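J.: If you scroll down you'll find the structure; I have some questions about it.
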Amino acid sequence: MGQTGKWQMLELDHTLTALLAENDVMLSASPRRGGDVFLMFVLKNHEIHQPELEVRFSNGYEVKGFHYTGIINRGTQWGCYVSEAEGHALFDALAGSTSVSMSWAGGAAHIDFDHGDEFVRTLAETAWRGNMPFPK
């Protein structure tokens, strides 16, 4: 649907997804009906058999409640749902940050980005115009 800096906006089944991908890592956030937000992290080409994952935005906001999904397509996937209030804080963190760091058992990744505030504003406006869910 659109891209602002490194962040991409996708729509599937009348739901928006914010997607950030670089090299072997992908982080996405999808607001759902009912208010919660689904987060997913994928590490491509690496099979990690430990469940620990932490995601930290440069403004200090952290997400630690990921559930280990397992090995998929020679990569590893984690996911979690956060409440609408936590989803709001997550998108505020995205808007107020310039990078995100991910760490897991035996590894870490860091992605710098810009225009997070512009991306979140565009995402919220698109959701509102299309009557799609977005944390209030």
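Following the order of the structure tokens, chains are lettered A, B, ..., residues in each are numbered from 1, and ligands are numbered from 1.
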Can you pull out the residues contacting region 77-84 of chain A? Cut-off 9 Å, using only C-alpha atoms, and skip same-chain residues under 2 positions away; I want them as number ranges by chain.
T.: A: 31, 34-44, 48, 51, 53, 63, 65-72, 75, 86-89, 134-136
J.: Gly107 (chain A): which residues within 12 Å, counting only C-alpha atoms, same-chain residues fewer than 6 positions away excluded, as an mmCIF file with N, CA, C and O atoms, in the first residue's frame?
T.:
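around02.cif, written as the output of this step:
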```
data_model
loop_
_atom_site.group_PDB
_atom_site.id
_atom_site.type_symbol
_atom_site.label_atom_id
_atom_site.label_comp_id
_atom_site.auth_asym_id
_atom_site.auth_seq_id
_atom_site.Cartn_x
_atom_site.Cartn_y
_atom_site.Cartn_z
ATOM 1 N N ASP A 24 18.137 -10.265 7.480
ATOM 2 C CA ASP A 24 17.444 -11.501 7.850
ATOM 3 C C ASP A 24 16.349 -11.315 8.895
ATOM 4 O O ASP A 24 15.856 -12.295 9.442
ATOM 5 N N VAL A 25 15.968 -10.078 9.220
ATOM 6 C CA VAL A 25 14.966 -9.870 10.264
ATOM 7 C C VAL A 25 13.746 -9.120 9.732
ATOM 8 O O VAL A 25 13.847 -8.289 8.826
ATOM 9 N N LEU A 43 13.076 -14.323 12.014
ATOM 10 C CA LEU A 43 14.509 -14.356 11.759
ATOM 11 C C LEU A 43 14.718 -15.392 10.661
ATOM 12 O O LEU A 43 14.562 -16.592 10.886
ATOM 13 N N HIS A 46 17.885 -18.718 10.041
ATOM 14 C CA HIS A 46 18.496 -19.084 11.322
ATOM 15 C C HIS A 46 17.473 -19.880 12.120
ATOM 16 O O HIS A 46 16.356 -19.404 12.335
ATOM 17 N N GLU A 47 17.823 -21.059 12.544
ATOM 18 C CA GLU A 47 16.930 -21.879 13.355
ATOM 19 C C GLU A 47 17.332 -21.742 14.819
ATOM 20 O O GLU A 47 18.360 -22.246 15.244
ATOM 21 N N ILE A 48 16.528 -21.022 15.586
ATOM 22 C CA ILE A 48 16.773 -20.778 17.004
ATOM 23 C C ILE A 48 15.795 -21.650 17.787
ATOM 24 O O ILE A 48 14.590 -21.603 17.542
ATOM 25 N N GLN A 50 15.399 -21.540 21.159
ATOM 26 C CA GLN A 50 15.145 -20.945 22.472
ATOM 27 C C GLN A 50 14.029 -19.914 22.342
ATOM 28 O O GLN A 50 13.994 -19.164 21.367
ATOM 29 N N GLU A 52 13.288 -17.102 24.122
ATOM 30 C CA GLU A 52 13.446 -15.730 24.571
ATOM 31 C C GLU A 52 13.611 -14.755 23.410
ATOM 32 O O GLU A 52 14.378 -14.989 22.495
ATOM 33 N N LEU A 53 12.872 -13.648 23.476
ATOM 34 C CA LEU A 53 12.990 -12.566 22.498
ATOM 35 C C LEU A 53 12.605 -11.273 23.191
ATOM 36 O O LEU A 53 11.607 -11.225 23.917
ATOM 37 N N GLU A 54 13.386 -10.224 22.962
ATOM 38 C CA GLU A 54 13.063 -8.886 23.447
ATOM 39 C C GLU A 54 13.189 -7.913 22.286
ATOM 40 O O GLU A 54 14.102 -8.021 21.474
ATOM 41 N N SER A 101 15.812 -2.484 18.336
ATOM 42 C CA SER A 101 16.772 -3.565 18.557
ATOM 43 C C SER A 101 16.020 -4.811 18.992
ATOM 44 O O SER A 101 15.069 -4.728 19.773
#
```
J.: Which residues are close to His14 (chain A), i.e. within 12 Å by only C-alpha atoms, leaving aside same-chain residues fewer than 5 positions away? Reply as a ChimeraX atom specification.
T.: /A:30-33,126-134
J.: Those residues with N, CA and C atoms, as a PDB file, in the first residue's frame please?
T.:
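Saved to selection-v5.pdb:
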```pdb
ATOM      1  N   SER A  30       0.210  -5.597  13.650  1.00  0.00           N
ATOM      2  CA  SER A  30      -1.091  -5.571  12.976  1.00  0.00           C
ATOM      3  C   SER A  30      -2.206  -5.311  13.985  1.00  0.00           C
ATOM      4  N   PRO A  31      -2.797  -4.107  13.965  1.00  0.00           N
ATOM      5  CA  PRO A  31      -3.959  -3.848  14.823  1.00  0.00           C
ATOM      6  C   PRO A  31      -5.120  -4.754  14.421  1.00  0.00           C
ATOM      7  N   ARG A  32      -5.829  -5.290  15.415  1.00  0.00           N
ATOM      8  CA  ARG A  32      -6.939  -6.219  15.177  1.00  0.00           C
ATOM      9  C   ARG A  32      -8.254  -5.627  15.656  1.00  0.00           C
ATOM     10  N   ARG A  33      -9.337  -6.159  15.129  1.00  0.00           N
ATOM     11  CA  ARG A  33     -10.659  -5.773  15.627  1.00  0.00           C
ATOM     12  C   ARG A  33     -10.735  -6.143  17.101  1.00  0.00           C
ATOM     13  N   THR A 126      -4.932   6.162   7.320  1.00  0.00           N
ATOM     14  CA  THR A 126      -5.403   5.121   6.405  1.00  0.00           C
ATOM     15  C   THR A 126      -6.409   4.215   7.102  1.00  0.00           C
ATOM     16  N   ALA A 127      -6.126   3.846   8.340  1.00  0.00           N
ATOM     17  CA  ALA A 127      -7.053   3.006   9.107  1.00  0.00           C
ATOM     18  C   ALA A 127      -8.380   3.726   9.308  1.00  0.00           C
ATOM     19  N   TRP A 128      -8.316   4.999   9.663  1.00  0.00           N
ATOM     20  CA  TRP A 128      -9.542   5.766   9.910  1.00  0.00           C
ATOM     21  C   TRP A 128     -10.371   5.880   8.621  1.00  0.00           C
ATOM     22  N   ARG A 129      -9.717   6.224   7.505  1.00  0.00           N
ATOM     23  CA  ARG A 129     -10.441   6.363   6.227  1.00  0.00           C
ATOM     24  C   ARG A 129     -11.046   5.045   5.777  1.00  0.00           C
ATOM     25  N   GLY A 130     -10.357   3.942   6.024  1.00  0.00           N
ATOM     26  CA  GLY A 130     -10.819   2.641   5.559  1.00  0.00           C
ATOM     27  C   GLY A 130     -11.621   1.871   6.593  1.00  0.00           C
ATOM     28  N   ASN A 131     -11.945   2.519   7.717  1.00  0.00           N
ATOM     29  CA  ASN A 131     -12.691   1.882   8.798  1.00  0.00           C
ATOM     30  C   ASN A 131     -12.004   0.573   9.230  1.00  0.00           C
ATOM     31  N   MET A 132     -10.676   0.668   9.391  1.00  0.00           N
ATOM     32  CA  MET A 132      -9.887  -0.471   9.829  1.00  0.00           C
ATOM     33  C   MET A 132      -9.440  -0.250  11.275  1.00  0.00           C
ATOM     34  N   PRO A 133      -9.157  -1.310  12.001  1.00  0.00           N
ATOM     35  CA  PRO A 133      -8.768  -1.147  13.399  1.00  0.00           C
ATOM     36  C   PRO A 133      -7.419  -0.452  13.563  1.00  0.00           C
ATOM     37  N   PHE A 134      -7.320   0.394  14.604  1.00  0.00           N
ATOM     38  CA  PHE A 134      -6.068   1.039  14.987  1.00  0.00           C
ATOM     39  C   PHE A 134      -6.191   1.477  16.433  1.00  0.00           C
TER      40      PHE A 134
END
```
